[in-house]
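To be precise, the following lines are my_file_0.pdb, and they hold PDB, C-alpha atoms, pLDDT in the B column.
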```
ATOM      1  CA  MET A 712      67.357 116.154  78.447  1.00 45.00           C
ATOM      2  CA  SER A 713      68.224 113.844  81.355  1.00 47.00           C
ATOM      3  CA  SER A 714      71.739 115.321  81.547  1.00 48.00           C
ATOM      4  CA  TYR A 715      70.130 118.726  82.178  1.00 48.00           C
ATOM      5  CA  LYS A 716      68.159 117.218  85.066  1.00 47.00           C
ATOM      6  CA  HIS A 717      71.419 116.060  86.676  1.00 46.00           C
ATOM      7  CA  LEU A 718      72.897 119.543  86.309  1.00 42.00           C
ATOM      8  CA  ILE A 719      69.811 121.162  87.804  1.00 44.00           C
ATOM      9  CA  VAL A 720      69.802 118.728  90.747  1.00 41.00           C
ATOM     10  CA  ALA A 721      73.515 119.359  91.312  1.00 44.00           C
ATOM     11  CA  ALA A 722      73.052 123.140  91.185  1.00 44.00           C
ATOM     12  CA  LEU A 723      70.123 123.008  93.603  1.00 42.00           C
ATOM     13  CA  SER A 724      72.075 120.740  95.955  1.00 45.00           C
ATOM     14  CA  ILE A 725      75.046 123.085  95.977  1.00 44.00           C
ATOM     15  CA  GLY A 726      72.704 126.013  96.601  1.00 43.00           C
ATOM     16  CA  ALA A 727      71.084 124.176  99.512  1.00 42.00           C
ATOM     17  CA  ILE A 728      74.461 123.326 100.993  1.00 40.00           C
ATOM     18  CA  SER A 729      75.693 126.909 100.714  1.00 39.00           C
ATOM     19  CA  VAL A 730      72.547 128.281 102.373  1.00 38.00           C
ATOM     20  CA  SER A 731      72.568 125.741 105.209  1.00 37.00           C
ATOM     21  CA  SER A 732      76.326 125.818 105.692  1.00 38.00           C
ATOM     22  CA  PRO A 733      78.175 128.771 104.081  1.00 38.00           C
ATOM     23  CA  ALA A 734      81.507 127.284 105.170  1.00 40.00           C
ATOM     24  CA  ALA A 735      80.872 124.225 103.010  1.00 38.00           C
ATOM     25  CA  LEU A 736      82.062 125.979  99.884  1.00 39.00           C
ATOM     26  CA  GLN A 737      85.233 127.318 101.479  1.00 50.00           C
ATOM     27  CA  CYS A 738      88.323 125.458 102.516  1.00 52.00           C
ATOM     28  CA  ALA A 739      89.281 125.887 106.149  1.00 58.00           C
ATOM     29  CA  PRO A 740      92.576 127.630 106.976  1.00 73.00           C
ATOM     30  CA  VAL A 741      95.334 125.196 106.103  1.00 81.00           C
ATOM     31  CA  PRO A 742      99.058 124.922 106.776  1.00 88.00           C
ATOM     32  CA  ASP A 743     101.513 125.738 104.001  1.00 92.00           C
ATOM     33  CA  SER A 744     103.473 122.573 104.692  1.00 93.00           C
ATOM     34  CA  ILE A 745     102.881 119.351 106.605  1.00 90.00           C
ATOM     35  CA  THR A 746     105.418 116.891 107.986  1.00 92.00           C
ATOM     36  CA  LEU A 747     104.414 113.395 106.913  1.00 90.00           C
ATOM     37  CA  ASN A 748     105.712 110.140 108.377  1.00 89.00           C
ATOM     38  CA  PRO A 749     106.927 112.014 111.486  1.00 89.00           C
ATOM     39  CA  ASN A 750     107.834 108.847 113.408  1.00 88.00           C
ATOM     40  CA  GLY A 751     109.222 106.931 110.442  1.00 88.00           C
ATOM     41  CA  LYS A 752     111.418 103.993 111.322  1.00 91.00           C
ATOM     42  CA  LEU A 753     112.306 102.676 107.856  1.00 93.00           C
ATOM     43  CA  PHE A 754     111.718 105.862 105.859  1.00 92.00           C
ATOM     44  CA  SER A 755     112.550 109.415 106.934  1.00 94.00           C
ATOM     45  CA  PRO A 756     109.926 112.044 107.700  1.00 93.00           C
ATOM     46  CA  PHE A 757     109.420 114.513 104.860  1.00 92.00           C
ATOM     47  CA  THR A 758     107.754 117.837 104.220  1.00 93.00           C
ATOM     48  CA  PHE A 759     104.649 117.895 102.049  1.00 92.00           C
ATOM     49  CA  ASN A 760     104.315 121.248 100.265  1.00 93.00           C
ATOM     50  CA  HIS A 761     100.596 121.786 100.834  1.00 92.00           C
ATOM     51  CA  SER A 762     100.499 125.333  99.395  1.00 92.00           C
ATOM     52  CA  LYS A 763     102.044 124.153  96.109  1.00 92.00           C
ATOM     53  CA  HIS A 764      99.394 121.436  95.782  1.00 91.00           C
ATOM     54  CA  ILE A 765      96.579 123.870  96.612  1.00 89.00           C
ATOM     55  CA  GLN A 766      97.779 126.195  93.853  1.00 91.00           C
ATOM     56  CA  SER A 767      97.971 123.420  91.251  1.00 89.00           C
ATOM     57  CA  ILE A 768      94.886 121.372  92.206  1.00 86.00           C
ATOM     58  CA  LYS A 769      92.594 124.157  93.491  1.00 80.00           C
ATOM     59  CA  GLU A 770      89.819 121.759  94.632  1.00 81.00           C
ATOM     60  CA  CYS A 771      90.136 120.529  98.230  1.00 82.00           C
ATOM     61  CA  ALA A 772      87.801 117.578  97.622  1.00 79.00           C
ATOM     62  CA  ASP A 773      90.169 116.077  95.033  1.00 82.00           C
ATOM     63  CA  CYS A 774      92.345 114.900  97.912  1.00 85.00           C
ATOM     64  CA  HIS A 775      90.088 115.291 100.947  1.00 82.00           C
ATOM     65  CA  HIS A 776      87.071 113.235  99.874  1.00 75.00           C
ATOM     66  CA  HIS A 777      83.953 113.239 102.104  1.00 68.00           C
ATOM     67  CA  THR A 778      85.437 115.806 104.479  1.00 70.00           C
ATOM     68  CA  THR A 779      84.939 119.167 102.805  1.00 71.00           C
ATOM     69  CA  GLY A 780      81.161 119.036 102.336  1.00 66.00           C
ATOM     70  CA  THR A 781      81.364 119.006  98.539  1.00 69.00           C
ATOM     71  CA  LEU A 782      78.731 117.178  96.521  1.00 69.00           C
ATOM     72  CA  VAL A 783      79.426 113.441  96.296  1.00 70.00           C
ATOM     73  CA  LEU A 784      78.717 111.857  92.906  1.00 71.00           C
ATOM     74  CA  ASP A 785      80.109 108.308  93.170  1.00 72.00           C
ATOM     75  CA  PRO A 786      77.076 105.952  93.389  1.00 77.00           C
ATOM     76  CA  ASN A 787      78.733 103.747  96.031  1.00 73.00           C
ATOM     77  CA  CYS A 788      79.532 106.772  98.188  1.00 74.00           C
ATOM     78  CA  VAL A 789      76.204 108.534  97.729  1.00 74.00           C
ATOM     79  CA  ARG A 790      74.418 105.744  99.624  1.00 73.00           C
ATOM     80  CA  CYS A 791      75.800 107.122 102.895  1.00 74.00           C
ATOM     81  CA  HIS A 792      77.555 110.387 102.065  1.00 73.00           C
ATOM     82  CA  GLN A 793      74.995 112.168  99.864  1.00 72.00           C
ATOM     83  CA  ASN A 794      74.431 114.827 102.511  1.00 73.00           C
ATOM     84  CA  SER A 795      77.865 114.828 104.090  1.00 71.00           C
ATOM     85  CA  SER A 796      78.715 118.116 105.698  1.00 74.00           C
ATOM     86  CA  PRO A 797      82.233 119.424 106.282  1.00 73.00           C
ATOM     87  CA  THR A 798      84.066 117.614 109.058  1.00 72.00           C
ATOM     88  CA  ALA A 799      86.219 119.136 111.773  1.00 71.00           C
ATOM     89  CA  VAL A 800      89.237 117.052 110.691  1.00 73.00           C
ATOM     90  CA  VAL A 801      90.084 116.781 107.004  1.00 79.00           C
ATOM     91  CA  SER A 802      93.446 115.040 107.316  1.00 81.00           C
ATOM     92  CA  CYS A 803      93.911 111.462 106.125  1.00 82.00           C
ATOM     93  CA  LYS A 804      94.486 110.299 109.694  1.00 81.00           C
ATOM     94  CA  GLY A 805      91.045 111.607 110.631  1.00 78.00           C
ATOM     95  CA  CYS A 806      89.442 108.599 108.887  1.00 78.00           C
ATOM     96  CA  HIS A 807      92.274 106.202 108.064  1.00 84.00           C
ATOM     97  CA  SER A 808      93.913 104.340 110.947  1.00 85.00           C
ATOM     98  CA  ALA A 809      97.692 104.416 111.314  1.00 86.00           C
ATOM     99  CA  THR A 810      97.355 100.865 112.713  1.00 87.00           C
ATOM    100  CA  PRO A 811      94.799  99.151 110.435  1.00 86.00           C
ATOM    101  CA  PHE A 812      95.665  95.664 111.682  1.00 87.00           C
ATOM    102  CA  SER A 813      95.671  96.412 115.393  1.00 89.00           C
ATOM    103  CA  PRO A 814      93.284  94.342 117.543  1.00 93.00           C
ATOM    104  CA  GLU A 815      91.279  97.500 118.331  1.00 90.00           C
ATOM    105  CA  THR A 816      90.783  98.481 114.684  1.00 85.00           C
ATOM    106  CA  LEU A 817      89.899  94.940 113.617  1.00 87.00           C
ATOM    107  CA  ALA A 818      87.425  94.575 116.501  1.00 89.00           C
ATOM    108  CA  ALA A 819      85.724  97.853 115.563  1.00 83.00           C
ATOM    109  CA  LYS A 820      85.329  96.653 111.963  1.00 81.00           C
ATOM    110  CA  ARG A 821      83.871  93.319 113.081  1.00 83.00           C
ATOM    111  CA  ALA A 822      81.450  95.001 115.507  1.00 86.00           C
ATOM    112  CA  ASP A 823      79.828  97.232 112.872  1.00 78.00           C
ATOM    113  CA  LYS A 824      77.847  94.811 110.670  1.00 72.00           C
ATOM    114  CA  GLN A 825      76.412  97.612 108.500  1.00 70.00           C
ATOM    115  CA  ARG A 826      79.803  99.100 107.693  1.00 69.00           C
ATOM    116  CA  TYR A 827      80.461  99.574 103.978  1.00 68.00           C
ATOM    117  CA  HIS A 828      84.157 100.319 104.403  1.00 73.00           C
ATOM    118  CA  LEU A 829      85.209  96.898 105.726  1.00 68.00           C
ATOM    119  CA  ASP A 830      88.211  97.070 103.446  1.00 73.00           C
ATOM    120  CA  LYS A 831      89.099 100.689 104.236  1.00 77.00           C
ATOM    121  CA  MET A 832      92.840 100.935 103.907  1.00 84.00           C
ATOM    122  CA  GLY A 833      95.089 102.267 106.598  1.00 87.00           C
ATOM    123  CA  LEU A 834      96.737 105.653 106.667  1.00 87.00           C
ATOM    124  CA  LYS A 835      99.869 104.586 104.787  1.00 88.00           C
ATOM    125  CA  GLY A 836      97.860 102.916 102.010  1.00 88.00           C
ATOM    126  CA  ALA A 837      95.444 105.835 101.678  1.00 87.00           C
ATOM    127  CA  MET A 838      98.212 108.385 101.356  1.00 89.00           C
ATOM    128  CA  HIS A 839     100.183 106.284  98.883  1.00 90.00           C
ATOM    129  CA  GLN A 840      97.127 105.519  96.747  1.00 90.00           C
ATOM    130  CA  ASN A 841      96.017 109.143  96.720  1.00 89.00           C
ATOM    131  CA  CYS A 842      99.438 110.665  96.046  1.00 91.00           C
ATOM    132  CA  ILE A 843     100.892 108.112  93.630  1.00 93.00           C
ATOM    133  CA  GLY A 844      97.534 107.740  91.852  1.00 91.00           C
ATOM    134  CA  CYS A 845      97.292 111.469  91.211  1.00 91.00           C
ATOM    135  CA  HIS A 846     100.942 111.839  90.228  1.00 93.00           C
ATOM    136  CA  THR A 847     100.570 108.960  87.760  1.00 94.00           C
ATOM    137  CA  LYS A 848      97.325 110.385  86.367  1.00 92.00           C
ATOM    138  CA  VAL A 849      98.722 113.878  85.758  1.00 91.00           C
ATOM    139  CA  GLY A 850     102.137 112.570  84.674  1.00 92.00           C
ATOM    140  CA  ASN A 851     103.967 114.763  87.153  1.00 90.00           C
ATOM    141  CA  GLY A 852     105.294 114.255  90.667  1.00 91.00           C
ATOM    142  CA  PRO A 853     107.197 111.589  92.568  1.00 92.00           C
ATOM    143  CA  THR A 854     106.021 107.980  92.355  1.00 93.00           C
ATOM    144  CA  GLY A 855     108.983 106.001  93.713  1.00 90.00           C
ATOM    145  CA  CYS A 856     109.429 104.972  97.337  1.00 85.00           C
ATOM    146  CA  GLN A 857     112.453 107.141  97.974  1.00 90.00           C
ATOM    147  CA  ASP A 858     111.340 110.052  95.787  1.00 92.00           C
ATOM    148  CA  CYS A 859     109.496 111.523  98.794  1.00 89.00           C
ATOM    149  CA  HIS A 860     111.110 109.911 101.780  1.00 89.00           C
ATOM    150  CA  PRO A 861     114.612 108.404 101.758  1.00 92.00           C
ATOM    151  CA  ARG A 862     115.309 105.329 103.841  1.00 93.00           C
ATOM    152  CA  THR A 863     116.689 105.675 107.322  1.00 94.00           C
ATOM    153  CA  LYS A 864     119.720 103.622 108.382  1.00 93.00           C
ATOM    154  CA  GLU A 865     117.289 101.064 109.799  1.00 93.00           C
ATOM    155  CA  GLY A 866     115.400 101.036 106.500  1.00 92.00           C
ATOM    156  CA  ALA A 867     118.575 100.545 104.494  1.00 91.00           C
ATOM    157  CA  ALA A 868     119.525  97.614 106.723  1.00 90.00           C
ATOM    158  CA  PHE A 869     116.016  96.140 106.572  1.00 89.00           C
ATOM    159  CA  TYR A 870     115.809  96.299 102.766  1.00 87.00           C
ATOM    160  CA  SER A 871     119.448  95.312 102.187  1.00 82.00           C
ATOM    161  CA  THR A 872     120.097  92.261 100.024  1.00 71.00           C
ATOM    162  CA  ASN A 873     123.346  91.763 101.938  1.00 73.00           C
ATOM    163  CA  ARG A 874     121.473  90.398 104.954  1.00 62.00           C
ATOM    164  CA  LYS A 875     122.218  86.873 106.001  1.00 67.00           C
ATOM    165  CA  GLY A 876     119.711  84.591 104.316  1.00 62.00           C
ATOM    166  CA  ALA A 877     118.532  87.191 101.836  1.00 57.00           C
ATOM    167  CA  LYS A 878     117.788  85.907  98.360  1.00 59.00           C
ATOM    168  CA  PRO A 879     119.340  87.683  95.372  1.00 57.00           C
ATOM    169  CA  ALA A 880     116.971  90.008  93.555  1.00 56.00           C
ATOM    170  CA  HIS A 881     117.407  88.188  90.233  1.00 55.00           C
ATOM    171  CA  ALA A 882     118.611  84.610  90.589  1.00 49.00           C
ATOM    172  CA  GLU A 883     119.896  83.319  87.280  1.00 50.00           C
ATOM    173  CA  GLU A 884     118.707  79.904  86.166  1.00 47.00           C
ATOM    174  CA  GLU A 885     121.380  77.393  85.371  1.00 43.00           C
TER
END
```
Could the structure of this file be written out as structure tokens, please?
Amino acid sequence: MSSYKHLIVAALSIGAISVSSPAALQCAPVPDSITLNPNGKLFSPFTFNHSKHIQSIKECADCHHHTTGTLVLDPNCVRCHQNSSPTAVVSCKGCHSATPFSPETLAAKRADKQRYHLDKMGLKGAMHQNCIGCHTKVGNGPTGCQDCHPRTKEGAAFYSTNRKGAKPAHAEEE
């Protein structure tokens, strides 16, 4: 019986959201493709096929959590986001900083004592966790570093084991 109560509450919540904000149940116009890592120094920029992902996933909130106005069910998230409405920016960079360890970002975290997301990852971490996590879960899609974005010349030099002072990847014990 209690599971029916949860379904009824969810249905009523969705109905209330759709009445108060009809756009909440629709995804905003989106680009077919997005260039990610546009200023990459160690890894090249690459094109994310957004339309392909929309066709296979179909639910915007699966990737864009807390930004599309969909009902939030995670108990940790519900504390603050239970009535979240759609946001103007749904991209990862709208919430996740590209410079999570900059003095400005760290100062902002320290200043907000009530902040739940003290450990909110930066843009790079959020995208990698979201993409690789989903690809691993569904068993399809790239999961290796260079599967999406090959190294630049600078990246190849940076990660090279031929650098002076670099340790061999697998040192044999004698």
**Asked** Looking at all atoms listed in the file, which of A:Asn748, A:Gln766, A:Thr778, A:Gln825 is the one that sits closest to Cys806 in chain A?
**Response**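 Among A:Asn748, A:Gln766, A:Thr778, A:Gln825, it is A:Thr778 that comes nearest to Cys806 in chain A.
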**Asked** In Å to one decimal, how far is CA of Phe759 in chain A from CA of Ser744 in chain A?
**Response**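 Distance between the two atoms: 5.5 Å.
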**Prompt:** Closest to Gln840 in chain A among A:Leu747, A:Cys774, A:Leu784, A:Ala799, using only C-alpha atoms?
**Reply:**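 For Gln840 in chain A, the nearest of the given residues is A:Cys774.
Closest approach to His839 in chain A from the set A:Ser762, A:Thr863, A:Glu815, A:Cys803 is made by A:Cys803, with distances taken over all atoms listed in the file.
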**Item:** Selection: 10 Å around Asn841 in chain A, all atoms listed in the file, excl. self and same-chain fewer than 3 positions, as a ChimeraX atom specification
**Value:** /A:773-775,803,836-838,844-846
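When CA of Asn851 in chain A is paired with CA of Ile768 in chain A, their separation reads 12.3 Å.
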**Top pick for closest residue to Ile765 in chain A, considering A:Pro740, A:Pro814, A:Pro749, A:Pro786 and counting only C-alpha atoms** =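 Ranking A:Pro740, A:Pro814, A:Pro749, A:Pro786 by distance to Ile765 in chain A, first place goes to A:Pro740.
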**Request:** Could you jot down the CA of Pro756 in chain A to CA of Thr779 in chain A separation for me, Å, one decimal place?
**Result:**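 Atom-to-atom, CA of Pro756 in chain A to CA of Thr779 in chain A, that is 26.4 Å.
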**Residue with smallest distance to His828 in chain A - pool A:Thr798, A:Thr847, A:Ser813, A:Asn787, counting only C-alpha atoms** = A:Asn787
